Amino acid sequence: MRTRACRWLALVTTLLPMVVSAAEKTFVMVPKGVHPYYEPCYEGFKAAAKKYGVNVEKVDPQKFELPMQVQVIEDLIARKVDGIAISALDDAGLVPVISDATKAGIEVITFDAPARSSEALTYIGTDNKSAGVAAGKKMAELMKGKGKIVILQGGLGASNLNDRTQGFKEALAKFPGIEVLQVVDVAGDFSVATNKTETILQTYPDLTAIFAVSAEGAPAAASVLKEQGKGGKILLAGFDDLKDTLEGIRDGTVAFCIVQKTFKMGWLSVEALLAASEGKKLPKETDTGVLFVTKANVGTYMDEMKKEFAAR
Amino acid sequence: MELSLPARERRFVASLFRRKEAAILLALLIMVIVIGTIAPRFLSGTNLAQVSRQISFVTIVALGELFVILTGGIDLSVGSVMGWAGMAAAWAMVGLGWPVGAAVAFGIVAGLAMGAINGSLIAWVKIPPFIATLGMLWFAYGNVLGLTKGVPITGLPAGFLTLSRGTLLGIYVPVWIALALAIVAHVVLTYTAFGRRTYAIGGNEQATFLSGIDVDRIKFVLYAISAGLASISGIVLSARLNSAQPDTGKGWELDAIAAAVIGGTSLAGGSGSVLGVVIGACIMGVLRSGLLMLGVSTYWHISIIAVVIVLAATLDVKTKGK
């Protein structure tokens with residue numbers, strides 16, 4: 001008698017959660033790796049999930065390496081989740097696994113970094129080329145249309161960085177008085193960026209400005225400028241809002257930084273996955289745009305980004 | 001080469017040329033002269049001071065690698081230990097409010113702890129150094145990531161920053177630290193029983209063991225030394241970067257090993273010198289800075305550096321045993 005009741009109880013407690021959660025969809029965010037940059041993305045993801053009543057998770061590849069990201073996605077296919085939002089480490093490399101996921105009935109989209117050759121239904125993120133152009137225009141304004149500038153790039157193979165640099169150079173090309181001296185590879189490494197900024201300051205004593213297309217560039221260059229007492233004398237700006245970069249904006253070493261709307265990327269990803277799971281067609285790409293952060297709005301920009309969605 | 005000098009001086013000069021490190025020292029001098037001719041700014045006092053500071057960090061770590069490679073071992077965890085120690089020291093200052101001296105000591109102890117784990121696994125559990133230190137590479141880095149969630153520790157006190165920005169006689173503090181550690185390392189390896197035994201283990205471990213030397217204990221100490229030196233470098237590097245980044249030191253094990261190998265350290269153990277390691281680190285540092293200053297397209301930097309490293313190592317192999 002007791003064992004029969006136990007068995008019944010066991011059956012119910014096993015099946016009940018499955019029945020309950022079958023109604024709720026599960027969407028999973030797969031960033032490129034472990035990095036604080038994705039925190040606001042996931043905040044947006046979670047906030048939208050709360051509003052729309054879906055389950056969400058984030059699974060990070062342990063390293064910024066393609067095989068690890070592929071493995072994470074394969075695990076999710078085995079778990080039969082309903083939707084995956086991927087920040088793609090590679091384009092061609094993800095084609096097979098995204099194809100497998102799609103065949104398994106999982107909705108797949110990309111955010112933050114696209115995989116245009118794959119079957120991903122849409123890309124939600126920054127149009128890096130136009131972000132670069134916008135940055136170039138602002139920089140040219142601050143340089144008053146003339147001077148010499150060096151670009152710091154965290155890895156010459158990254159397509160999103162190359163797009164930014166290309167856009168930036170295009171915008172500067174309209175100003176014949178501005179000369180782009182070099183594009184320097186800082187390998188995504190703070191210490192390399194620091195060393196190279198030092199060398200650049202030695203090589204070009206009449207340098208007007210430095211621009212960093214990847215996050216580690218601005219804070220590294222800022223620390224060198226501060227040490228040499230050149231903060232504010234050489235224009236410095238860059239992508240992304242790392243803590244040190246914001247510090248630099250507050251104390252005047254960094255003129256501005258370009259912030260990607262990471263919260264928006266996360267939010268729109270949930271909306272896109274939901275729409276796809278309801279059979280709706282998605283646009284090929286959605287440009288989440290960028291925001292300029294200067295001394296004027298350095299304290300308020302984060303809340304303003306989130307307020308955009310609180311009303312929805 | 002005929003010199004018109006009295007016999008004793010001639011023999012001394014000849015012996016200098018016969019020193020193993022002569023070949024790479026010559027290579028370094030040629031590089032500096034070539035770069036300095038094309039870009040004279042390279043030889044300016046400010047630039048040389050800055051480049052020598054840039055080189056000092058790898059030098060300290062490479063000294064640690066020298067100790068373990070001399071016994072035929074290797075330490076792949078030095079990069080991660082750099083980040084680990086830097087983070088520990090930063091946390092002690094910012095999170096616990098400790099004074100700079102205590103925090104630095106704490107960071108070094110944290111690193112030594114990892115070195116002790118390495119040493120125990122290698123000396124007594126007999127795990128091959130490659131595997132043990134590879135495991136530690138992930139363990140230390142993983143701990144840093146888990147504890148910091150990828151967020152750097154900033155707001156380091158101004159006193160700490162002098163570890164990197166202070167100068168004495170126009171030379172930056174990290175360079176003095178590297179110099180001091182190099183001298184100590186040289187004295188230990190050349191003039192102490194511990195040093196002689198280290199070379200002996202590398203030359204023939206069995207024979208050394210059979211002659212009654214506690215090989216295990218020496219190995220344990222060597223891996224602790226390697227981690228300790230990496231910790232010092234990581235902490236001083238954090239002072240330079242004005243923050244403890246979780247990625248500090250990532251990949252540095254390769255640079256440290258390369259510097260040691262260019263400097264004539266044999267990966268099989270038994271031969272290598274402090275002077276060689278310092279020259280090796282200088283060659284890599286001068287190249288990196290020099291190529292940038294010469295305006296060589298960034299796309300080609302890595303290939304060029306690789307070619308020069310292999311050339312330097314070849315030069316070294318060919319001139320050994322003369």
# chains A, B, ... in the order shown; residues from 1 in each chain; ligands from 1

$ select_by_dssp --residues "segment 100-285 of chain B" --states "strand (DSSP E or B)" --output "CSV table (one decimal) with C-alpha atoms, in the first residue's frame"
chain,number,residue,atom,x,y,z
B,153,ILE,CA,39.3,45.6,-9.7
B,167,THR,CA,61.7,56.1,-11.1
B,168,LEU,CA,65.1,56.0,-9.6
B,171,ILE,CA,64.9,54.1,-14.5
B,172,TYR,CA,61.5,52.8,-13.7
B,244,ALA,CA,43.6,44.0,-11.6

$ closest_atom_pairs --of "chain A" --to "chain B" --cutoff "8 Å" --atoms "only C-alpha atoms" --output "JSON lines"
{"residue": "A:Val34", "atom": "CA", "partner": "B:Gly150", "partner_atom": "CA", "distance": 6.9}
{"residue": "A:His35", "atom": "CA", "partner": "B:Gly150", "partner_atom": "CA", "distance": 5.5}
{"residue": "A:Pro36", "atom": "CA", "partner": "B:Gly150", "partner_atom": "CA", "distance": 5.6}
{"residue": "A:Leu156", "atom": "CA", "partner": "B:Tyr299", "partner_atom": "CA", "distance": 7.4}
{"residue": "A:Gln182", "atom": "CA", "partner": "B:Gly295", "partner_atom": "CA", "distance": 7.6}
{"residue": "A:Val183", "atom": "CA", "partner": "B:Thr298", "partner_atom": "CA", "distance": 7.2}
{"residue": "A:Val184", "atom": "CA", "partner": "B:Thr298", "partner_atom": "CA", "distance": 6.0}
{"residue": "A:Asp185", "atom": "CA", "partner": "B:Thr298", "partner_atom": "CA", "distance": 6.2}
{"residue": "A:Asp189", "atom": "CA", "partner": "B:Asp247", "partner_atom": "CA", "distance": 7.9}
{"residue": "A:Phe190", "atom": "CA", "partner": "B:Leu241", "partner_atom": "CA", "distance": 7.5}
{"residue": "A:Ser191", "atom": "CA", "partner": "B:Leu241", "partner_atom": "CA", "distance": 6.8}
{"residue": "A:Thr194", "atom": "CA", "partner": "B:Leu241", "partner_atom": "CA", "distance": 7.5}
{"residue": "A:Asn195", "atom": "CA", "partner": "B:Gln54", "partner_atom": "CA", "distance": 6.5}
{"residue": "A:Lys196", "atom": "CA", "partner": "B:Ser289", "partner_atom": "CA", "distance": 7.2}
{"residue": "A:Glu198", "atom": "CA", "partner": "B:Gln50", "partner_atom": "CA", "distance": 7.4}
{"residue": "A:Thr199", "atom": "CA", "partner": "B:Ser289", "partner_atom": "CA", "distance": 6.4}
{"residue": "A:Ile200", "atom": "CA", "partner": "B:Met293", "partner_atom": "CA", "distance": 7.0}
{"residue": "A:Gln202", "atom": "CA", "partner": "B:Asn47", "partner_atom": "CA", "distance": 6.4}
{"residue": "A:Thr203", "atom": "CA", "partner": "B:Met293", "partner_atom": "CA", "distance": 5.6}
{"residue": "A:Ala220", "atom": "CA", "partner": "B:Leu241", "partner_atom": "CA", "distance": 7.0}
{"residue": "A:Ser223", "atom": "CA", "partner": "B:Leu241", "partner_atom": "CA", "distance": 7.1}
{"residue": "A:Glu227", "atom": "CA", "partner": "B:Arg165", "partner_atom": "CA", "distance": 7.6}
{"residue": "A:Asp244", "atom": "CA", "partner": "B:Thr154", "partner_atom": "CA", "distance": 7.5}

$ residues_around --residues "segment 64-67 of chain A" --least-positions-apart "4" --cutoff "7 Å" --atoms "only C-alpha atoms" --output "PyMOL selection string"
chain A and resi 32-33+71+89-90

$ write_last_selection --atoms "C-alpha atoms" --output "mmCIF file, in the first residue's frame"
data_model
loop_
_atom_site.group_PDB
_atom_site.id
_atom_site.type_symbol
_atom_site.label_atom_id
_atom_site.label_comp_id
_atom_site.auth_asym_id
_atom_site.auth_seq_id
_atom_site.Cartn_x
_atom_site.Cartn_y
_atom_site.Cartn_z
ATOM 1 C CA LYS A 32 30.882 34.372 -27.016
ATOM 2 C CA GLY A 33 32.303 33.624 -23.596
ATOM 3 C CA GLN A 71 29.525 22.337 -27.998
ATOM 4 C CA LEU A 89 32.211 33.770 -32.539
ATOM 5 C CA ASP A 90 32.489 32.881 -36.187
#

$ residues_around --residues "segment 109-112 of chain B" --least-positions-apart "4" --cutoff "7 Å" --atoms "only C-alpha atoms" --output "list of chain:residue names"
B:Val81, B:Trp84, B:Ala85, B:Ala88, B:Ala105, B:Ala116, B:Ala224, B:Ala227, B:Gly228, B:Ser231

$ write_last_selection --atoms "C-alpha atoms" --output "PDB file, in the first residue's frame"
ATOM      1  CA  VAL B  81      49.219  32.890 -11.560  1.00  0.00           C
ATOM      2  CA  TRP B  84      45.637  35.418  -9.648  1.00  0.00           C
ATOM      3  CA  ALA B  85      48.278  37.183  -7.571  1.00  0.00           C
ATOM      4  CA  ALA B  88      44.598  38.857  -4.651  1.00  0.00           C
ATOM      5  CA  ALA B 105      52.861  40.237   0.455  1.00  0.00           C
ATOM      6  CA  ALA B 116      53.221  24.810  -3.813  1.00  0.00           C
ATOM      7  CA  ALA B 224      57.212  27.558  -5.862  1.00  0.00           C
ATOM      8  CA  ALA B 227      54.973  30.904  -9.120  1.00  0.00           C
ATOM      9  CA  GLY B 228      56.474  33.435  -6.720  1.00  0.00           C
ATOM     10  CA  SER B 231      53.186  36.664  -8.738  1.00  0.00           C
TER      11      SER B 231
END

$ atom_distance --atom1 "atom CA of Ala255 of chain A" --atom2 "atom CA of Thr294 of chain A"
6.6 Å
